[in-house]
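Everything below belongs to coords-v8.txt, which stores compact mmCIF, C-alpha atoms.
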```
# COMPACT_ATOMS: atom_id res chain seq x y z
CA MET A 1477 0.00 0.00 0.00
CA ASP A 1478 1.48 3.38 -1.02
CA TYR A 1479 -0.75 5.65 1.19
CA LEU A 1480 -1.09 8.22 -1.61
CA LYS A 1481 -3.80 10.86 -1.43
CA LYS A 1482 -5.01 12.17 -4.77
CA PRO A 1483 -4.35 15.85 -5.51
CA SER A 1484 -7.30 18.16 -5.01
CA ALA A 1485 -8.75 20.42 -7.68
CA LYS A 1486 -6.65 23.30 -6.36
CA THR A 1487 -3.27 21.56 -6.59
CA SER A 1488 -1.55 18.86 -8.62
CA ILE A 1489 0.79 17.83 -5.76
CA TRP A 1490 0.35 14.34 -4.30
CA ARG A 1491 0.15 13.92 -0.51
CA TYR A 1492 0.98 11.11 1.89
CA ARG A 1493 -1.78 10.13 4.33
CA ARG A 1494 -1.74 7.21 6.77
CA ARG A 1495 -3.43 6.31 10.06
CA VAL A 1496 -1.06 5.98 13.03
CA PRO A 1497 -1.30 2.50 14.61
CA LEU A 1498 -3.41 2.47 17.78
CA ASP A 1499 -0.62 1.16 20.01
CA VAL A 1500 1.57 4.22 19.32
CA GLN A 1501 -1.08 6.93 18.76
CA LYS A 1502 -0.76 8.24 22.31
CA ALA A 1503 3.04 8.51 22.07
CA VAL A 1504 2.86 10.14 18.63
CA GLY A 1505 0.12 12.53 19.72
CA ARG A 1506 -2.09 12.25 16.65
CA ALA A 1507 -4.23 9.72 14.79
CA TRP A 1508 -3.13 10.55 11.23
CA VAL A 1509 0.09 11.41 9.43
CA GLU A 1510 -0.32 13.63 6.39
CA GLN A 1511 2.31 15.54 4.45
CA SER A 1512 3.07 16.82 0.97
CA LEU A 1513 5.23 14.67 -1.28
CA GLY A 1514 6.27 17.70 -3.34
CA THR A 1515 5.59 16.22 -6.77
CA GLY A 1516 2.75 15.93 -9.25
CA ASP A 1517 4.18 12.81 -10.88
CA LYS A 1518 2.52 9.68 -9.51
CA ARG A 1519 5.50 7.40 -10.15
CA GLU A 1520 7.85 9.73 -8.27
CA ALA A 1521 5.23 10.17 -5.53
CA ARG A 1522 5.19 6.40 -4.97
CA LYS A 1523 8.96 6.37 -4.54
CA ARG A 1524 8.86 9.21 -2.02
CA ALA A 1525 5.92 7.60 -0.21
CA ALA A 1526 7.94 4.40 0.21
CA ILE A 1527 10.72 6.39 1.90
CA VAL A 1528 8.23 8.08 4.22
CA THR A 1529 6.70 4.71 5.09
CA THR A 1530 10.09 3.22 5.98
CA THR A 1531 10.94 6.23 8.19
CA LEU A 1532 7.59 6.19 10.00
CA GLU A 1533 7.66 2.45 10.66
CA ALA A 1534 11.17 2.72 12.09
CA GLN A 1535 9.99 5.49 14.42
CA TRP A 1536 6.96 3.49 15.53
CA ASP A 1537 9.08 0.40 16.14
CA ALA A 1538 11.33 2.51 18.35
CA LEU A 1539 8.30 3.72 20.34
CA ARG A 1540 7.16 0.13 20.77
CA GLY A 1541 10.63 -0.88 21.90
CA SER A 1542 10.80 -3.49 19.15
CA ALA A 1543 13.38 -1.75 16.98
CA SER A 1544 16.84 -3.29 16.76
CA GLU A 1545 19.89 -1.43 18.04
CA LEU A 1546 20.89 -0.79 14.45
CA GLN A 1547 17.48 0.68 13.58
CA ARG A 1548 17.56 2.93 16.66
CA TRP A 1549 21.07 4.12 15.81
CA ARG A 1550 20.11 5.00 12.23
CA GLN A 1551 16.97 6.76 13.39
CA GLY A 1552 18.91 8.74 16.00
CA VAL A 1553 21.60 9.81 13.52
CA GLU A 1554 18.95 10.90 11.02
CA TRP A 1555 17.13 12.96 13.68
CA LEU A 1556 20.35 14.57 14.95
CA ASN A 1557 21.35 15.65 11.45
CA GLN A 1558 18.08 17.56 11.13
CA GLN A 1559 18.39 19.46 14.44
CA PRO A 1560 19.92 22.91 15.10
CA PRO A 1561 22.27 23.29 18.10
CA TYR A 1562 20.49 23.14 21.49
CA ASN A 1563 20.26 26.81 22.57
CA PRO A 1564 16.76 27.67 23.82
CA THR A 1565 17.33 30.81 25.95
CA GLY A 1566 20.74 32.20 25.10
CA ASP A 1567 24.38 31.23 25.63
CA ASP A 1568 24.48 32.08 29.35
CA THR A 1569 21.74 29.63 30.34
CA VAL A 1570 22.34 26.75 27.91
CA SER A 1571 24.25 24.65 30.42
CA LEU A 1572 21.67 25.10 33.17
CA VAL A 1573 18.63 24.35 30.98
CA ALA A 1574 20.32 21.42 29.33
CA SER A 1575 21.23 20.06 32.76
CA ASP A 1576 17.61 20.27 33.96
CA GLU A 1577 16.31 18.70 30.75
CA TRP A 1578 19.00 16.01 30.96
CA ASP A 1579 17.97 15.07 34.51
CA ALA A 1580 14.32 14.91 33.49
CA LEU A 1581 15.24 12.70 30.53
CA GLN A 1582 17.12 10.26 32.75
CA GLU A 1583 14.13 10.10 35.08
CA GLY A 1584 11.79 9.36 32.19
CA LYS A 1585 9.80 12.58 32.64
CA VAL A 1586 10.48 14.06 29.18
CA LYS A 1587 8.45 13.30 26.07
CA LEU A 1588 10.84 12.68 23.23
CA PRO A 1589 10.50 14.89 20.13
CA GLN A 1590 8.97 13.36 17.02
CA GLY A 1591 11.44 10.92 15.42
CA ALA A 1592 14.03 11.18 18.22
CA THR A 1593 15.47 8.31 20.23
CA LYS A 1594 16.59 8.63 23.83
CA GLU A 1595 20.22 8.25 22.80
CA ALA A 1596 19.93 10.92 20.09
CA TYR A 1597 18.05 13.37 22.33
CA SER A 1598 20.55 13.01 25.18
CA ALA A 1599 23.42 13.57 22.71
CA TRP A 1600 21.67 16.72 21.43
CA LEU A 1601 21.26 18.05 24.98
CA ARG A 1602 25.00 17.54 25.53
CA GLY A 1603 25.84 19.39 22.30
CA VAL A 1604 27.10 16.21 20.63
CA ASN A 1605 26.11 15.62 17.00
CA ASP A 1606 26.70 11.87 17.05
CA VAL A 1607 25.27 8.69 18.55
CA LYS A 1608 27.45 5.81 19.61
CA ARG A 1609 27.39 3.18 16.93
CA PRO A 1610 26.09 -0.21 18.16
CA ARG A 1611 28.00 -3.46 17.89
CA VAL A 1612 27.15 -4.77 14.40
CA THR A 1613 27.35 -8.44 13.40
CA LEU A 1614 27.26 -9.99 9.95
CA GLU A 1615 23.64 -11.03 10.60
CA ASP A 1616 22.75 -7.38 11.28
CA ALA A 1617 24.53 -6.32 8.09
CA VAL A 1618 22.71 -8.82 5.87
CA LYS A 1619 19.33 -7.76 7.30
CA ALA A 1620 20.14 -4.12 6.51
CA TRP A 1621 21.33 -5.08 3.02
CA LEU A 1622 18.18 -7.10 2.30
CA LYS A 1623 15.98 -4.25 3.47
CA GLU A 1624 17.88 -1.78 1.30
CA ARG A 1625 18.25 -3.85 -1.87
CA LYS A 1626 15.08 -6.00 -1.74
CA PRO A 1627 16.58 -8.79 -3.92
CA THR A 1628 14.78 -11.80 -5.36
CA ALA A 1629 13.68 -14.62 -3.07
CA SER A 1630 16.50 -16.92 -4.24
CA VAL A 1631 19.16 -14.27 -3.57
CA ARG A 1632 17.62 -13.45 -0.19
CA ASP A 1633 17.56 -17.11 0.87
CA GLY A 1634 21.06 -17.72 -0.47
CA ALA A 1635 22.62 -14.72 1.27
CA THR A 1636 20.89 -15.52 4.56
CA ARG A 1637 22.00 -19.16 4.43
CA VAL A 1638 25.61 -18.25 3.66
CA VAL A 1639 25.77 -15.71 6.49
CA LYS A 1640 24.47 -18.35 8.92
CA GLN A 1641 27.12 -20.78 7.67
CA PHE A 1642 29.87 -18.25 8.21
CA ALA A 1643 28.52 -17.24 11.64
CA THR A 1644 28.57 -20.90 12.69
CA LEU A 1645 32.25 -21.04 11.78
CA VAL A 1646 33.45 -17.81 13.44
CA GLY A 1647 30.92 -17.45 16.25
CA ASP A 1648 29.57 -14.11 17.46
CA THR A 1649 32.37 -12.04 15.95
CA PRO A 1650 31.63 -8.30 15.39
CA LEU A 1651 31.58 -7.29 11.75
CA ASP A 1652 34.61 -5.02 12.04
CA ALA A 1653 36.62 -7.84 13.69
CA ILE A 1654 36.25 -10.38 10.86
CA THR A 1655 39.67 -11.22 9.44
CA ARG A 1656 41.07 -12.47 6.17
CA VAL A 1657 42.15 -15.65 7.94
CA GLN A 1658 38.54 -16.38 8.91
CA ALA A 1659 37.37 -15.74 5.35
CA ARG A 1660 39.97 -18.19 3.99
CA LYS A 1661 39.00 -20.74 6.65
CA TYR A 1662 35.39 -20.56 5.49
CA ALA A 1663 36.39 -21.04 1.83
CA ASP A 1664 38.59 -24.01 2.78
CA SER A 1665 35.71 -25.62 4.69
CA LEU A 1666 33.55 -25.42 1.57
CA VAL A 1667 36.28 -27.05 -0.51
CA ALA A 1668 36.61 -29.84 2.07
CA ALA A 1669 32.83 -30.43 1.88
CA GLY A 1670 33.08 -30.97 -1.88
CA THR A 1671 31.39 -27.72 -2.89
CA ALA A 1672 31.89 -26.83 -6.55
CA PRO A 1673 34.29 -23.93 -7.24
CA GLY A 1674 31.54 -21.90 -8.91
CA THR A 1675 29.28 -22.34 -5.89
CA ILE A 1676 32.07 -21.28 -3.53
CA SER A 1677 32.61 -18.13 -5.59
CA THR A 1678 28.90 -17.35 -5.35
CA TYR A 1679 28.91 -17.82 -1.57
CA LEU A 1680 31.94 -15.56 -1.16
CA SER A 1681 30.36 -12.92 -3.39
CA TYR A 1682 27.35 -12.77 -1.04
CA LEU A 1683 29.65 -12.12 1.92
CA ARG A 1684 31.73 -9.60 -0.02
CA ILE A 1685 28.67 -7.60 -1.15
CA VAL A 1686 27.10 -7.56 2.32
CA PHE A 1687 30.39 -6.41 3.88
CA THR A 1688 30.84 -3.67 1.26
CA SER A 1689 27.27 -2.50 1.83
CA ALA A 1690 27.93 -2.25 5.58
CA ILE A 1691 30.92 0.01 4.90
CA ASN A 1692 28.95 2.17 2.46
CA GLU A 1693 26.09 2.52 4.96
CA GLN A 1694 28.64 3.48 7.67
CA LEU A 1695 27.67 0.57 9.89
CA ILE A 1696 31.41 0.10 10.40
CA ASP A 1697 34.46 2.25 9.67
CA ASP A 1698 36.00 1.99 6.21
CA ARG A 1699 38.44 -0.91 6.03
CA VAL A 1700 39.72 -3.60 3.66
CA ASN A 1701 37.01 -6.12 2.81
CA PRO A 1702 38.30 -9.54 4.01
CA PHE A 1703 36.25 -11.29 1.31
CA ALA A 1704 37.59 -9.19 -1.59
CA ALA A 1705 39.71 -10.93 -4.26
CA LEU A 1706 39.59 -14.22 -2.37
CA ARG A 1707 40.52 -16.70 -5.08
CA VAL A 1708 38.95 -20.13 -5.34
CA HIS A 1709 41.27 -22.75 -6.77
CA ASN A 1710 39.68 -24.96 -9.40
CA ASP A 1711 41.44 -28.27 -8.89
CA LYS A 1712 40.28 -29.95 -12.12
CA ALA A 1713 42.93 -32.19 -13.61
CA PRO A 1714 43.27 -32.35 -17.42
CA GLU A 1715 41.69 -35.83 -17.55
CA GLU A 1716 38.62 -34.46 -15.70
CA ASP A 1717 37.83 -31.99 -18.46
CA ARG A 1718 34.21 -33.16 -18.82
CA LEU A 1719 34.98 -35.68 -21.57
CA PRO A 1720 32.64 -38.69 -21.70
CA ILE A 1721 33.52 -41.59 -19.41
CA PRO A 1722 34.53 -44.65 -21.50
CA ARG A 1723 31.64 -47.04 -22.11
CA ASP A 1724 33.28 -50.02 -20.36
CA THR A 1725 33.92 -47.90 -17.28
CA CYS A 1726 30.31 -46.69 -17.28
CA ILE A 1727 28.99 -50.27 -17.36
CA THR A 1728 31.33 -51.21 -14.51
CA ILE A 1729 30.09 -48.25 -12.44
CA LEU A 1730 26.48 -49.25 -13.11
CA ARG A 1731 27.05 -52.88 -12.11
CA GLU A 1732 28.87 -51.94 -8.91
CA ALA A 1733 26.32 -49.27 -8.03
CA LEU A 1734 23.30 -51.55 -8.42
CA ALA A 1735 24.74 -54.83 -7.15
CA HIS A 1736 25.71 -54.53 -3.50
CA GLY A 1737 25.87 -51.30 -1.54
CA PHE A 1738 22.93 -49.45 -3.07
CA ASP A 1739 23.71 -46.46 -0.83
CA GLN A 1740 23.13 -42.78 -1.69
CA SER A 1741 26.33 -42.47 -3.71
CA ASP A 1742 25.63 -45.68 -5.65
CA TRP A 1743 22.11 -44.56 -6.53
CA PHE A 1744 23.36 -41.09 -7.48
CA ALA A 1745 25.96 -42.54 -9.88
CA ALA A 1746 23.51 -45.00 -11.48
CA ALA A 1747 20.84 -42.33 -11.91
CA MET A 1748 23.36 -39.89 -13.42
CA LEU A 1749 24.39 -42.40 -16.08
CA THR A 1750 20.82 -43.38 -17.01
CA THR A 1751 19.20 -39.92 -17.07
CA GLY A 1752 21.82 -37.56 -18.52
CA ALA A 1753 20.84 -35.03 -15.84
CA ARG A 1754 23.07 -32.41 -14.32
CA PRO A 1755 24.05 -33.21 -10.70
CA GLY A 1756 21.93 -30.37 -9.29
CA GLY A 1757 18.92 -31.32 -11.42
CA LEU A 1758 19.09 -34.99 -10.46
CA TYR A 1759 19.39 -34.08 -6.78
CA LYS A 1760 16.03 -32.27 -6.99
CA ALA A 1761 14.42 -34.81 -9.34
CA LYS A 1762 11.23 -36.66 -8.45
CA LEU A 1763 11.01 -40.39 -9.20
CA VAL A 1764 7.50 -41.28 -10.47
CA LEU A 1765 7.00 -45.07 -10.32
CA THR A 1766 3.19 -45.17 -10.30
CA ASP A 1767 2.78 -43.96 -13.89
CA LYS A 1768 2.26 -46.25 -16.88
CA VAL A 1769 5.80 -45.37 -17.89
CA PRO A 1770 7.96 -44.89 -14.73
CA TYR A 1771 9.99 -41.73 -15.21
CA TRP A 1772 12.23 -39.11 -13.60
CA GLN A 1773 10.72 -35.64 -13.36
CA ILE A 1774 13.80 -33.43 -13.56
CA PRO A 1775 13.41 -29.69 -12.85
CA ARG A 1776 15.15 -27.18 -15.09
CA GLU A 1777 17.24 -24.25 -13.98
CA LYS A 1778 15.04 -21.75 -15.82
CA LYS A 1779 11.25 -21.37 -15.68
CA SER A 1780 10.67 -24.04 -18.32
CA PRO A 1781 8.53 -27.02 -17.26
CA PRO A 1782 10.40 -30.05 -15.90
CA ARG A 1783 11.51 -32.70 -18.36
CA ALA A 1784 10.73 -36.41 -18.15
CA VAL A 1785 13.23 -39.23 -18.64
CA PRO A 1786 12.05 -42.88 -18.50
CA VAL A 1787 13.58 -44.95 -15.70
CA HIS A 1788 16.06 -47.43 -17.14
CA PRO A 1789 15.10 -51.13 -16.69
CA MET A 1790 18.37 -51.74 -14.82
CA LEU A 1791 17.26 -49.33 -12.08
CA LEU A 1792 13.74 -50.79 -11.95
CA LYS A 1793 15.19 -54.29 -11.56
CA ALA A 1794 17.53 -53.12 -8.79
CA LEU A 1795 14.64 -51.55 -6.89
CA ALA A 1796 12.57 -54.76 -7.01
CA GLY A 1797 9.81 -53.39 -4.82
CA ARG A 1798 12.03 -51.50 -2.36
CA GLU A 1799 12.20 -47.76 -1.89
CA PRO A 1800 15.05 -45.86 -3.60
CA PRO A 1801 17.64 -44.35 -1.25
CA LYS A 1802 16.79 -40.86 -0.05
CA TYR A 1803 19.46 -38.17 -0.15
CA THR A 1804 20.33 -37.00 3.35
CA ILE A 1805 23.48 -35.10 2.35
CA ARG A 1806 23.98 -32.16 0.01
CA VAL A 1807 24.66 -32.54 -3.70
CA GLU A 1808 28.21 -31.18 -3.22
CA GLN A 1809 29.01 -34.14 -0.96
CA LEU A 1810 27.57 -36.61 -3.47
CA ARG A 1811 29.71 -35.07 -6.20
CA ARG A 1812 32.79 -35.35 -4.01
CA GLN A 1813 32.03 -39.00 -3.19
CA PHE A 1814 31.67 -39.76 -6.91
CA ILE A 1815 35.12 -38.32 -7.57
CA GLU A 1816 36.65 -40.26 -4.66
CA ARG A 1817 35.14 -43.56 -5.85
CA HIS A 1818 35.59 -43.17 -9.59
CA GLU A 1819 38.70 -41.02 -10.12
CA PRO A 1820 39.68 -39.44 -12.44
CA TYR A 1821 36.05 -38.99 -13.53
CA THR A 1822 33.47 -36.50 -12.26
CA ALA A 1823 29.70 -36.77 -11.92
CA TYR A 1824 29.04 -34.24 -14.68
CA GLN A 1825 30.89 -36.43 -17.19
CA CYS A 1826 28.02 -38.94 -16.84
CA ARG A 1827 25.83 -36.46 -18.73
CA HIS A 1828 28.18 -36.55 -21.70
CA SER A 1829 28.42 -40.35 -21.49
CA PHE A 1830 24.59 -40.54 -21.64
CA ASN A 1831 24.66 -38.40 -24.78
CA ASP A 1832 27.27 -40.62 -26.42
CA GLU A 1833 25.35 -43.78 -25.51
CA ALA A 1834 22.15 -42.32 -26.99
CA ARG A 1835 24.08 -41.63 -30.19
CA ARG A 1836 25.43 -45.22 -30.19
CA VAL A 1837 21.92 -46.71 -30.25
CA ASP A 1838 20.87 -44.20 -32.97
CA MET A 1839 18.29 -42.48 -30.78
CA PRO A 1840 16.40 -39.85 -32.86
CA LEU A 1841 18.00 -36.43 -32.56
CA GLU A 1842 14.91 -34.58 -31.36
CA LEU A 1843 14.17 -37.18 -28.66
CA ARG A 1844 17.78 -37.12 -27.45
CA LEU A 1845 17.72 -33.33 -27.22
CA ARG A 1846 14.48 -33.36 -25.25
CA LEU A 1847 15.68 -36.04 -22.82
CA MET A 1848 18.81 -34.03 -22.11
CA GLY A 1849 16.94 -30.75 -21.74
CA HIS A 1850 18.40 -29.04 -24.80
CA SER A 1851 16.33 -26.75 -27.01
CA ALA A 1852 15.25 -28.81 -30.01
CA ARG A 1853 14.10 -25.67 -31.83
CA LYS A 1854 17.52 -24.05 -31.51
CA VAL A 1855 19.32 -27.12 -32.87
CA ILE A 1856 16.82 -28.37 -35.45
CA GLY A 1857 15.02 -25.15 -36.27
CA GLU A 1858 11.37 -24.45 -36.96
CA ASN A 1859 10.72 -28.09 -37.91
CA ALA A 1860 11.12 -29.15 -34.28
CA ARG A 1861 7.84 -29.92 -32.51
CA TYR A 1862 6.59 -28.42 -29.28
CA GLY A 1863 6.51 -31.61 -27.24
CA SER A 1864 4.94 -32.33 -23.86
CA ILE A 1865 6.14 -34.71 -21.16
CA GLU A 1866 3.57 -37.28 -22.33
CA ALA A 1867 4.70 -37.04 -25.95
CA VAL A 1868 8.33 -37.67 -24.99
CA LEU A 1869 7.43 -40.60 -22.76
CA GLU A 1870 5.48 -42.34 -25.52
CA GLY A 1871 8.49 -42.99 -27.72
CA ALA A 1872 11.39 -42.85 -25.28
CA PRO A 1873 11.27 -46.13 -23.27
CA GLU A 1874 12.30 -48.42 -26.14
CA TRP A 1875 15.35 -46.23 -26.86
CA VAL A 1876 16.35 -45.86 -23.23
CA GLU A 1877 16.10 -49.66 -22.78
CA LYS A 1878 18.68 -50.15 -25.55
CA MET A 1879 21.21 -48.01 -23.70
CA TRP A 1880 23.88 -49.68 -21.53
CA ARG A 1881 23.11 -53.23 -22.72
```
Translate the structure of the given file into structure tokens.
Amino acid sequence: MDYLKKPSAKTSIWRYRRRVPLDVQKAVGRAWVEQSLGTGDKREARKRAAIVTTTLEAQWDALRGSASELQRWRQGVEWLNQQPPYNPTGDDTVSLVASDEWDALQEGKVKLPQGATKEAYSAWLRGVNDVKRPRVTLEDAVKAWLKERKPTASVRDGATRVVKQFATLVGDTPLDAITRVQARKYADSLVAAGTAPGTISTYLSYLRIVFTSAINEQLIDDRVNPFAALRVHNDKAPEEDRLPIPRDTCITILREALAHGFDQSDWFAAAMLTTGARPGGLYKAKLVLTDKVPYWQIPREKKSPPRAVPVHPMLLKALAGREPPKYTIRVEQLRRQFIERHEPYTAYQCRHSFNDEARRVDMPLELRLRLMGHSARKVIGENARYGSIEAVLEGAPEWVEKMWR
């Protein structure tokens, strides 16, 4: 809600009008807030109204006592910057009046001015144009950054999760006390957990941006960002350069994966080789066994609908009425376990092996592209059909069954 009041016939200027919440009306001293937004352009008026709304809600939170230390500090600094020096009756009596007002403030007998905090008002009475900055943590900084930037839900969730991870590692360390050594320690812990280099870079970029924002917003003094230019080593060996895994090796992996252990890593490897999915996509895939044609429902990274890949007969035979293993660890750990068990090959190479195997059995081009999640229209052109999940599943099982014989 933007709380805009339409201009009257006498003026083209938009106004801001909003009812003061009941629980703070007495402290505010009025039931409504109304003020000019100084513009006749509705789009600009909305932007200015949003700023007014943020300011008012911060003030009301402070009156309720529910504002954070960081919110109170910002509100106090903003109020102080708008005030003239405290000098009500002349230079000779400033000290005496300020002293009386100060005592009354400490005793809780003074009504704070509109928008002021107790800390800001006491600083003003003492002739100080500053409020002591509170102790700021990384969690405080990310909350301020999210409120300022309003990113997408995925970015918000990712940044919040990464900050919690880092806080678990370093404890309750103030933001201005975070060191380069701690930043490196966090990056090393991600490497040890098998996190992909690209993912580590993304995580570090969240921390770097939040830290930079805290400096820009003066939550901490200007200093070197400990997360800046922190390099992530990509330890890929030449033989791991995403080339297809040799066919004989693939068949060996499948036999071992489905024969004995049948643990999470075994199931992950077998599913990778028989679906052609990316590791992240397979991790989120849904196995549908109740359909006429059992299939994997594999989500795509973009907003396109999920794709369907028939379950290979080898996997159906291995299940034999039992439930497939459920993943209780993150995809990064499954990737790392694949590398440890099947060096020098990586999980992603299974996708290329699936493609080669589909070529070996002469699977139709359009079907192969759809099973792998490629755009058939980009490769084939306008002659490619717009296919549904059902259409793909009708002709795919016989081709998938031929693979890995």
So which residues touch Pro1775 in chain A within 12 Å, counting only C-alpha atoms, skipping near sequence neighbours fewer than 6 positions away, as a PyMOL selection string?
-> chain A and resi 1753-1763+1781-1785+1848-1849
Taking C-alpha atoms for each residue, export the selection above as a PDB file, in the frame of the given file.
```
ATOM      1  CA  ALA A1753      20.840 -35.030 -15.840  1.00  0.00           C
ATOM      2  CA  ARG A1754      23.070 -32.410 -14.320  1.00  0.00           C
ATOM      3  CA  PRO A1755      24.050 -33.210 -10.700  1.00  0.00           C
ATOM      4  CA  GLY A1756      21.930 -30.370  -9.290  1.00  0.00           C
ATOM      5  CA  GLY A1757      18.920 -31.320 -11.420  1.00  0.00           C
ATOM      6  CA  LEU A1758      19.090 -34.990 -10.460  1.00  0.00           C
ATOM      7  CA  TYR A1759      19.390 -34.080  -6.780  1.00  0.00           C
ATOM      8  CA  LYS A1760      16.030 -32.270  -6.990  1.00  0.00           C
ATOM      9  CA  ALA A1761      14.420 -34.810  -9.340  1.00  0.00           C
ATOM     10  CA  LYS A1762      11.230 -36.660  -8.450  1.00  0.00           C
ATOM     11  CA  LEU A1763      11.010 -40.390  -9.200  1.00  0.00           C
ATOM     12  CA  PRO A1781       8.530 -27.020 -17.260  1.00  0.00           C
ATOM     13  CA  PRO A1782      10.400 -30.050 -15.900  1.00  0.00           C
ATOM     14  CA  ARG A1783      11.510 -32.700 -18.360  1.00  0.00           C
ATOM     15  CA  ALA A1784      10.730 -36.410 -18.150  1.00  0.00           C
ATOM     16  CA  VAL A1785      13.230 -39.230 -18.640  1.00  0.00           C
ATOM     17  CA  MET A1848      18.810 -34.030 -22.110  1.00  0.00           C
ATOM     18  CA  GLY A1849      16.940 -30.750 -21.740  1.00  0.00           C
TER      19      GLY A1849
END
```
Record the distance separating CA of Leu1719 in chain A and CA of Cys1826 in chain A, expressed in Å with one decimal.
->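 Answer for the CA of Leu1719 in chain A to CA of Cys1826 in chain A separation: 9.0 Å.
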Protein and nucleic acid residues near (16.7, 14.6, 18.5) (cut-off 9 Å, all atoms listed in the file) as a count of residues only = 22
Restricting the calculation to only C-alpha atoms, which member of A:Arg1656, A:Arg1493, A:Arg1846, A:Pro1800 is positioned closest to Ile1774 in chain A?
->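 Nearest candidate to Ile1774 in chain A out of A:Arg1656, A:Arg1493, A:Arg1846, A:Pro1800: A:Arg1846.
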Which residues, written as number ranges by chain, have at least one atom at most 12 Å from range 1617-1629 of chain A, with all atoms listed in the file counted and residues fewer than 3 positions away on the same chain left out?
-> A: 1526-1527, 1530, 1544-1547, 1550, 1610-1614, 1632-1640, 1643, 1650-1652, 1682-1696
Output file for the residues above (C-alpha atoms, as a compact mmCIF listing (two decimals), keeping the file's coordinate frame):
```txt
# COMPACT_ATOMS: atom_id res chain seq x y z
CA ALA A 1526 7.94 4.40 0.21
CA ILE A 1527 10.72 6.39 1.90
CA THR A 1530 10.09 3.22 5.98
CA SER A 1544 16.84 -3.29 16.76
CA GLU A 1545 19.89 -1.43 18.04
CA LEU A 1546 20.89 -0.79 14.45
CA GLN A 1547 17.48 0.68 13.58
CA ARG A 1550 20.11 5.00 12.23
CA PRO A 1610 26.09 -0.21 18.16
CA ARG A 1611 28.00 -3.46 17.89
CA VAL A 1612 27.15 -4.77 14.40
CA THR A 1613 27.35 -8.44 13.40
CA LEU A 1614 27.26 -9.99 9.95
CA ARG A 1632 17.62 -13.45 -0.19
CA ASP A 1633 17.56 -17.11 0.87
CA GLY A 1634 21.06 -17.72 -0.47
CA ALA A 1635 22.62 -14.72 1.27
CA THR A 1636 20.89 -15.52 4.56
CA ARG A 1637 22.00 -19.16 4.43
CA VAL A 1638 25.61 -18.25 3.66
CA VAL A 1639 25.77 -15.71 6.49
CA LYS A 1640 24.47 -18.35 8.92
CA ALA A 1643 28.52 -17.24 11.64
CA PRO A 1650 31.63 -8.30 15.39
CA LEU A 1651 31.58 -7.29 11.75
CA ASP A 1652 34.61 -5.02 12.04
CA TYR A 1682 27.35 -12.77 -1.04
CA LEU A 1683 29.65 -12.12 1.92
CA ARG A 1684 31.73 -9.60 -0.02
CA ILE A 1685 28.67 -7.60 -1.15
CA VAL A 1686 27.10 -7.56 2.32
CA PHE A 1687 30.39 -6.41 3.88
CA THR A 1688 30.84 -3.67 1.26
CA SER A 1689 27.27 -2.50 1.83
CA ALA A 1690 27.93 -2.25 5.58
CA ILE A 1691 30.92 0.01 4.90
CA ASN A 1692 28.95 2.17 2.46
CA GLU A 1693 26.09 2.52 4.96
CA GLN A 1694 28.64 3.48 7.67
CA LEU A 1695 27.67 0.57 9.89
CA ILE A 1696 31.41 0.10 10.40
```
Hey, which bits of range 1753-1827 of chain A sit within 12 Å of range 1868-1871 of chain A, and for each residue what's the closest pair of atoms and how far apart in Å (one decimal), counting all atoms listed in the file, rows by chain and increasing number, as a tab-separated table?
```
residue	atom	partner	partner_atom	distance
A:Asp1767	CA	A:Leu1869	CA	10.6
A:Lys1768	CA	A:Leu1869	CA	9.7
A:Val1769	CA	A:Leu1869	CA	7.0
A:Pro1770	CA	A:Leu1869	CA	9.1
A:Tyr1771	CA	A:Leu1869	CA	8.1
A:Trp1772	CA	A:Leu1869	CA	10.4
A:Gln1773	CA	A:Leu1869	CA	11.1
A:Arg1783	CA	A:Val1868	CA	8.9
A:Ala1784	CA	A:Leu1869	CA	7.0
A:Val1785	CA	A:Leu1869	CA	7.2
A:Pro1786	CA	A:Leu1869	CA	6.7
A:Val1787	CA	A:Leu1869	CA	10.3
```
Counting all atoms listed in the file, figure out which residue out of A:His1828, A:Lys1481, A:His1788, A:Arg1798 gets nearest to Ala1872 in chain A.
->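 Closest to Ala1872 in chain A, using all atoms listed in the file: A:His1788.
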Complete the atom set of range 1782-1788 of chain A to N, CA and C atoms and return it as a tab-separated table (two decimals), in the coordinates of the input.
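Below you can see rebuild36.tsv, which holds the result:
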```tsv
chain	number	residue	atom	x	y	z
A	1782	PRO	N	9.43	-28.97	-16.10
A	1782	PRO	CA	10.40	-30.05	-15.90
A	1782	PRO	C	10.38	-31.02	-17.07
A	1783	ARG	N	11.48	-31.71	-17.28
A	1783	ARG	CA	11.51	-32.70	-18.36
A	1783	ARG	C	11.37	-34.10	-17.76
A	1784	ALA	N	10.96	-35.05	-18.60
A	1784	ALA	CA	10.73	-36.41	-18.15
A	1784	ALA	C	11.69	-37.35	-18.87
A	1785	VAL	N	12.33	-38.23	-18.09
A	1785	VAL	CA	13.23	-39.23	-18.64
A	1785	VAL	C	12.78	-40.59	-18.11
A	1786	PRO	N	12.48	-41.55	-18.98
A	1786	PRO	CA	12.05	-42.88	-18.50
A	1786	PRO	C	13.11	-43.52	-17.60
A	1787	VAL	N	12.65	-44.24	-16.59
A	1787	VAL	CA	13.58	-44.95	-15.70
A	1787	VAL	C	14.13	-46.16	-16.44
A	1788	HIS	N	15.44	-46.32	-16.43
A	1788	HIS	CA	16.06	-47.43	-17.14
A	1788	HIS	C	15.68	-48.76	-16.48
```
